[in-house]
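> So I've got this file, query_9.cif, and it contains mmCIF, C-alpha atoms and all ligand atoms:
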data_data
#
loop_
_atom_site.label_atom_id
_atom_site.label_comp_id
_atom_site.auth_asym_id
_atom_site.auth_seq_id
_atom_site.Cartn_x
_atom_site.Cartn_y
_atom_site.Cartn_z
CA MET A 27 14.32 -3.91 -6.97
CA ARG A 28 16.16 -6.18 -9.40
CA VAL A 29 17.00 -9.77 -8.62
CA PRO A 30 19.38 -11.69 -10.88
CA VAL A 31 17.86 -14.93 -12.17
CA SER A 32 20.24 -15.98 -14.93
CA ASP A 33 20.88 -19.23 -12.99
CA LEU A 34 17.18 -20.08 -13.28
CA VAL A 35 16.17 -18.89 -16.74
CA GLY A 36 16.03 -21.76 -19.17
CA ASN A 37 16.24 -24.38 -16.42
CA PRO A 38 12.60 -25.30 -15.74
CA GLY A 39 12.26 -27.16 -12.46
CA GLU A 40 15.01 -25.20 -10.73
CA THR A 41 13.95 -23.23 -7.68
CA ARG A 42 15.61 -20.79 -5.30
CA ALA A 43 14.51 -19.16 -2.08
CA LEU A 44 14.66 -15.40 -1.70
CA ARG A 45 14.40 -14.51 1.98
CA ARG A 46 15.65 -11.05 2.65
CA ASP A 47 14.77 -7.88 4.54
CA VAL A 48 15.17 -4.88 2.25
CA GLU A 49 14.72 -1.14 2.58
CA ALA A 50 11.48 0.32 1.28
CA ALA A 51 13.65 2.62 -0.86
CA ALA A 52 14.98 -0.41 -2.74
CA PHE A 53 11.68 -0.54 -4.62
CA GLY A 54 12.43 2.65 -6.51
CA GLU A 55 11.45 6.25 -6.27
CA ASP A 56 7.90 6.92 -5.09
CA PRO A 57 6.68 3.39 -5.67
CA TRP A 58 3.96 3.41 -3.04
CA GLY A 59 1.42 5.89 -4.37
CA PRO A 60 -1.15 6.68 -1.67
CA ALA A 61 1.05 5.06 0.97
CA GLU A 62 3.92 7.43 0.12
CA ASP A 63 6.17 7.95 3.16
CA GLY A 64 4.02 5.39 4.92
CA VAL A 65 6.02 2.29 4.11
CA LEU A 66 8.67 1.68 6.76
CA ASP A 67 11.80 -0.45 6.70
CA PRO A 68 12.21 -3.30 6.41
CA VAL A 69 10.14 -4.90 3.68
CA GLU A 70 10.37 -8.62 4.38
CA LEU A 71 10.64 -10.88 1.38
CA ASP A 72 9.93 -14.56 1.87
CA LEU A 73 9.71 -15.80 -1.69
CA HIS A 74 10.47 -18.74 -3.90
CA LEU A 75 11.63 -18.24 -7.45
CA ASP A 76 10.63 -21.17 -9.62
CA ALA A 77 11.97 -21.58 -13.13
CA VAL A 78 9.15 -22.58 -15.49
CA VAL A 79 9.07 -22.86 -19.25
CA GLU A 80 7.38 -19.46 -19.65
CA GLY A 81 9.76 -17.60 -17.32
CA ILE A 82 10.07 -17.25 -13.55
CA LEU A 83 7.24 -17.85 -11.10
CA VAL A 84 7.54 -15.76 -7.94
CA ARG A 85 5.49 -16.95 -5.00
CA GLY A 86 5.47 -16.47 -1.26
CA THR A 87 4.82 -13.56 1.05
CA ILE A 88 5.90 -9.95 1.39
CA GLY A 89 5.72 -8.37 4.85
CA PHE A 90 5.11 -4.64 5.04
CA HIS A 91 5.12 -2.19 7.94
CA VAL A 92 2.91 0.74 7.10
CA GLN A 93 2.04 3.97 8.91
CA LEU A 94 -1.34 5.49 8.16
CA ALA A 95 -3.20 8.29 9.93
CA CYS A 96 -6.40 7.57 11.85
CA ALA A 97 -9.24 8.97 9.78
CA ARG A 98 -10.67 10.79 12.81
CA CYS A 99 -7.80 11.97 15.04
CA LEU A 100 -4.96 11.79 12.48
CA VAL A 101 -2.62 10.02 14.90
CA LEU A 102 -0.32 7.71 12.92
CA GLN A 103 -1.06 4.03 13.27
CA ASP A 104 1.52 1.30 12.74
CA LEU A 105 0.13 -1.56 10.73
CA ALA A 106 1.79 -4.78 9.73
CA TYR A 107 0.72 -6.64 6.62
CA THR A 108 1.70 -9.87 5.09
CA VAL A 109 0.64 -10.11 1.48
CA GLU A 110 0.64 -13.33 -0.50
CA VAL A 111 1.96 -13.19 -4.03
CA ALA A 112 2.11 -15.63 -6.91
CA GLU A 113 3.15 -13.94 -10.14
CA LEU A 114 4.69 -15.07 -13.38
CA PHE A 115 7.53 -13.01 -14.79
CA GLN A 116 7.33 -13.96 -18.43
CA ASP A 117 10.11 -14.53 -20.83
CA PRO A 118 9.00 -12.09 -23.57
CA THR A 119 10.54 -14.31 -26.26
CA LYS A 120 8.12 -17.09 -25.24
CA ARG A 121 5.09 -14.85 -25.31
CA GLU A 122 2.03 -15.89 -27.27
CA ASP A 123 0.64 -13.22 -29.57
CA ASP A 124 -2.74 -13.13 -27.86
CA ASP A 125 -1.16 -12.10 -24.53
CA GLU A 126 -0.26 -8.67 -25.77
CA ASP A 127 -3.20 -6.93 -24.15
CA ASP A 128 -1.84 -7.71 -20.72
CA PRO A 129 1.95 -7.61 -20.71
CA GLY A 130 2.05 -8.37 -16.96
CA TYR A 131 5.53 -8.79 -15.54
CA GLU A 132 8.50 -9.68 -17.69
CA LEU A 133 12.11 -10.72 -17.40
CA VAL A 134 14.40 -7.71 -17.85
CA ASP A 135 18.07 -7.05 -18.57
CA ASP A 136 18.28 -9.51 -21.49
CA LEU A 137 16.37 -12.18 -19.53
CA THR A 138 18.85 -12.16 -16.64
CA ALA A 139 16.75 -10.45 -13.95
CA ILE A 140 13.31 -9.76 -12.55
CA ASP A 141 12.23 -6.43 -11.08
CA LEU A 142 10.05 -6.89 -8.01
CA SER A 143 9.18 -3.18 -7.55
CA THR A 144 5.88 -3.09 -9.42
CA MET A 145 4.75 -6.45 -8.08
CA ALA A 146 5.44 -5.40 -4.48
CA ARG A 147 3.63 -2.10 -4.93
CA ASP A 148 0.61 -3.75 -6.55
CA ALA A 149 0.46 -6.33 -3.76
CA LEU A 150 0.58 -3.68 -1.05
CA ILE A 151 -1.94 -1.31 -2.60
CA ILE A 152 -4.55 -3.99 -3.23
CA ASP A 153 -4.66 -4.81 0.48
CA LEU A 154 -4.25 -1.31 1.87
CA PRO A 155 -7.36 -0.16 3.77
CA VAL A 156 -8.86 3.09 2.51
CA ARG A 157 -9.73 4.17 6.04
CA VAL A 158 -7.92 3.41 9.29
CA LEU A 159 -9.19 4.09 12.80
CA CYS A 160 -7.00 4.02 15.93
CA ASP A 161 -10.05 2.67 17.71
CA GLU A 162 -13.68 2.17 16.75
CA ALA A 163 -14.51 4.55 19.62
CA CYS A 164 -12.05 7.25 18.52
CA LYS A 165 -13.63 10.62 19.32
CA GLY A 166 -11.64 12.48 16.67
CA LEU A 167 -10.63 16.12 16.66
CA CYS A 168 -12.73 18.98 18.01
CA VAL A 169 -14.20 20.83 15.04
CA GLU A 170 -13.88 24.12 16.91
CA CYS A 171 -10.37 24.09 18.35
CA GLY A 172 -8.73 21.04 16.79
CA ALA A 173 -7.96 19.36 20.14
CA ASP A 174 -7.68 15.58 20.15
CA ARG A 175 -10.83 14.70 22.03
CA ASN A 176 -9.39 11.33 23.04
CA LEU A 177 -6.70 13.13 25.07
CA THR A 178 -8.39 16.21 26.42
CA ASP A 179 -11.79 17.67 27.13
CA CYS A 180 -11.51 21.11 25.58
CA GLY A 181 -15.02 21.92 26.76
CA HIS A 182 -16.51 22.37 23.31
CA ARG A 183 -19.61 20.38 22.61
CA PRO A 184 -19.82 20.29 18.82
CA GLU A 185 -23.05 18.29 18.99
CA ALA A 186 -24.70 21.16 20.87
CA ALA A 187 -23.16 24.00 18.86
CA PRO A 188 -25.70 25.93 16.80
CA ASP A 189 -25.69 25.25 13.11
CA PRO A 190 -23.63 28.11 11.62
CA ARG A 191 -26.39 28.77 9.08
CA TRP A 192 -28.82 29.56 11.90
CA ALA A 193 -26.16 31.63 13.68
CA LYS A 194 -26.08 33.90 10.63
CA LEU A 195 -29.83 34.30 10.76
CA ALA A 196 -29.59 35.32 14.40
CA ASP A 197 -27.33 38.21 13.37
CA LEU A 198 -29.89 39.58 10.96
CA ASP A 199 -31.84 42.54 12.21
CA LEU A 200 -35.29 41.30 11.35
CA PRO A 201 -38.13 43.79 11.66
CA SER A 202 -40.35 42.90 14.57
CA GLU A 203 -44.08 42.97 14.13
ZN ZN B 1 -8.23 8.13 16.16
ZN ZN B 2 -12.53 22.22 21.24
#
Here is a file; write its structure as structure tokens.

Amino acid sequence: MRVPVSDLVGNPGETRALRRDVEAAAFGEDPWGPAEDGVLDPVELDLHLDAVVEGILVRGTIGFHVQLACARCLVLQDLAYTVEVAELFQDPTKREDDDEDDPGYELVDDLTAIDLSTMARDALIIDLPVRVLCDEACKGLCVECGADRNLTDCGHRPEAAPDPRWAKLADLDLPSE
């Protein structure tokens, strides 16, 4: 998602607000990695773009609406996140040689724009929980029939079911003494 900044570049001290709701698709194709398909519209930008000598400093918050499946019952959960960001988009012509290991974010399009896609993705992924539960007490899915045990009592009692390894033993025709 490119934002023109030619009015700011080279004018340290200038600042501009960027408050806008944008579509998740504006951040490019497949930008969300593990949250693929999980990021809903809109993505809410509430940012300030500050012109500094080294480039453009982007700071503020990005609001995300994310859908992730409960780790036990797989029902999709709607989550809202607000992630704080503060990132420098460097003017590559002002780069010091010893920065080369970590290129970070840079001005693009001949120093006239910044691309927020990677920054937004990085901000989201850092805060994304690896495991979501609809409720701490979620009973999950029945291992025998797949029923959602929060919604229905299918009658199976997985806790009481015999260990399948022992069930195999029971089928063996062992010689009796
Ligand atoms: Zn659940
Ligand atoms: Zn069942």
> Which neighbours of Val79 in chain A fall inside 12 Å, counting only C-alpha atoms, when residues of the same chain fewer than 3 positions from it are skipped, and could you give them as a JSON list (two decimals) with C-alpha atoms, keeping the file's coordinate frame?

[["chain", "number", "residue", "atom", "x", "y", "z"],
["A", 34, "LEU", "CA", 17.18, -20.08, -13.28],
["A", 35, "VAL", "CA", 16.17, -18.89, -16.74],
["A", 36, "GLY", "CA", 16.03, -21.76, -19.17],
["A", 37, "ASN", "CA", 16.24, -24.38, -16.42],
["A", 38, "PRO", "CA", 12.60, -25.30, -15.74],
["A", 39, "GLY", "CA", 12.26, -27.16, -12.46],
["A", 40, "GLU", "CA", 15.01, -25.20, -10.73],
["A", 76, "ASP", "CA", 10.63, -21.17, -9.62],
["A", 82, "ILE", "CA", 10.07, -17.25, -13.55],
["A", 83, "LEU", "CA", 7.24, -17.85, -11.10],
["A", 114, "LEU", "CA", 4.69, -15.07, -13.38],
["A", 115, "PHE", "CA", 7.53, -13.01, -14.79],
["A", 116, "GLN", "CA", 7.33, -13.96, -18.43],
["A", 117, "ASP", "CA", 10.11, -14.53, -20.83],
["A", 118, "PRO", "CA", 9.00, -12.09, -23.57],
["A", 119, "THR", "CA", 10.54, -14.31, -26.26],
["A", 120, "LYS", "CA", 8.12, -17.09, -25.24],
["A", 121, "ARG", "CA", 5.09, -14.85, -25.31]]
> Go ahead and find all residues with at least one atom no further than 10 Å from (6.6, -0.8, 10.6) in the file's coordinates, using all atoms listed in the file; report them as a list of chain:residue names.
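With a cut-off of 10 Å, the residues come to A:Gly64, A:Val65, A:Leu66, A:Asp67, A:Pro68, A:Val69, A:Gly89, A:Phe90, A:His91, A:Val92, A:Gln93, A:Gln103, A:Asp104, A:Leu105, A:Ala106, A:Tyr107.
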> Using only C-alpha atoms and all ligand atoms, which residues of chain A come within 12 Å of ligand ZN 1 (chain B), and what is the closest atom pair for each, with the distance in Å to one decimal? Give it as CSV, sorted by chain and residue number.

residue,atom,partner,partner_atom,distance
A:Leu94,CA,B:ZN1,ZN,10.9
A:Ala95,CA,B:ZN1,ZN,8.0
A:Cys96,CA,B:ZN1,ZN,4.7
A:Ala97,CA,B:ZN1,ZN,6.5
A:Arg98,CA,B:ZN1,ZN,4.9
A:Cys99,CA,B:ZN1,ZN,4.0
A:Leu100,CA,B:ZN1,ZN,6.1
A:Val101,CA,B:ZN1,ZN,6.1
A:Leu102,CA,B:ZN1,ZN,8.6
A:Gln103,CA,B:ZN1,ZN,8.8
A:Arg157,CA,B:ZN1,ZN,11.0
A:Val158,CA,B:ZN1,ZN,8.3
A:Leu159,CA,B:ZN1,ZN,5.3
A:Cys160,CA,B:ZN1,ZN,4.3
A:Asp161,CA,B:ZN1,ZN,6.0
A:Glu162,CA,B:ZN1,ZN,8.1
A:Ala163,CA,B:ZN1,ZN,8.0
A:Cys164,CA,B:ZN1,ZN,4.6
A:Lys165,CA,B:ZN1,ZN,6.7
A:Gly166,CA,B:ZN1,ZN,5.6
A:Leu167,CA,B:ZN1,ZN,8.4
A:Cys168,CA,B:ZN1,ZN,11.9
A:Ala173,CA,B:ZN1,ZN,11.9
A:Asp174,CA,B:ZN1,ZN,8.5
A:Arg175,CA,B:ZN1,ZN,9.2
A:Asn176,CA,B:ZN1,ZN,7.7
A:Leu177,CA,B:ZN1,ZN,10.3
> Taking all atoms listed in the file into account, name the residue in A:Val31, A:Ala146, A:Ala139, A:Leu133 that is nearest to Leu71 in chain A.
A:Ala146
> Which residues are near ligand ZN 2 (chain B) in this structure, taking near to mean any atom at most 7 Å from a ligand atom and counting only C-alpha atoms and all ligand atoms? Format them as a list in words.
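Counting only what the definition allows, namely only C-alpha atoms and all ligand atoms, the set is Cys168, Val169, Glu170, Cys171, Gly172, Ala173, Cys180, Gly181 and His182 of chain A.
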> Only C-alpha atoms, please: the residues just picked out, written as an mmCIF file, keeping the file's coordinate frame.

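The resulting selection_11.cif:
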data_model
loop_
_atom_site.group_PDB
_atom_site.id
_atom_site.type_symbol
_atom_site.label_atom_id
_atom_site.label_comp_id
_atom_site.auth_asym_id
_atom_site.auth_seq_id
_atom_site.Cartn_x
_atom_site.Cartn_y
_atom_site.Cartn_z
ATOM 1 C CA CYS A 168 -12.730 18.980 18.010
ATOM 2 C CA VAL A 169 -14.200 20.830 15.040
ATOM 3 C CA GLU A 170 -13.880 24.120 16.910
ATOM 4 C CA CYS A 171 -10.370 24.090 18.350
ATOM 5 C CA GLY A 172 -8.730 21.040 16.790
ATOM 6 C CA ALA A 173 -7.960 19.360 20.140
ATOM 7 C CA CYS A 180 -11.510 21.110 25.580
ATOM 8 C CA GLY A 181 -15.020 21.920 26.760
ATOM 9 C CA HIS A 182 -16.510 22.370 23.310
#
> Between A:Glu132, A:Glu49, A:Glu122, A:Asp179, which has the minimum distance to Val84 in chain A (counting all atoms listed in the file)?
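The shortest atom-to-atom distance to Val84 in chain A comes from A:Glu132.
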> What's the separation between CA of Arg85 in chain A and CA of Asp141 in chain A, in Å to one decimal place?
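Value for the CA of Arg85 in chain A-CA of Asp141 in chain A distance: 13.9 Å.
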> CA of Asp153 in chain A to CA of Asp135 in chain A: how many Å, to one decimal?
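Spanning CA of Asp153 in chain A to CA of Asp135 in chain A is a straight-line distance of 29.7 Å.
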> Point out the residue among A:Arg46, A:Leu73, A:Gly81, A:Gly130 with the least atom-to-atom distance to Val111 in chain A, counting all atoms listed in the file.
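Counting all atoms listed in the file, the residue closest to Val111 in chain A is A:Leu73.
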> What is the distance between CA of Asp47 in chain A and CA of Asp72 in chain A, in Å to one decimal?
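Result for CA of Asp47 in chain A versus CA of Asp72 in chain A: 8.7 Å, one decimal.
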> Between A:Leu150, A:Leu137, A:Val29, A:Leu75, which one has atoms that come closest to Ile88 in chain A, using only C-alpha atoms?
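That would be A:Leu150, the residue with the smallest distance to Ile88 in chain A.
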> Between A:Glu70, A:Arg45, A:Val109, A:Gly86, which is the closest to Asp148 in chain A once you count only C-alpha atoms?
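Checking each candidate against Asp148 in chain A, we get A:Val109 as the closest.
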> A:Thr178, A:Gly54, A:Ile152, A:Leu142: which is nearest Glu113 in chain A, counting all atoms listed in the file?
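When distances to Glu113 in chain A are compared using all atoms listed in the file, the smallest one comes from A:Leu142.
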> Listed atoms of range 99-118 of chain A, axis-aligned box, 4 Å per side: centre and edge lengths to one decimal in Å, as JSON?

{"center_x": 1.2, "center_y": -1.8, "center_z": -4.3, "size_x": 25.9, "size_y": 35.6, "size_z": 46.6}
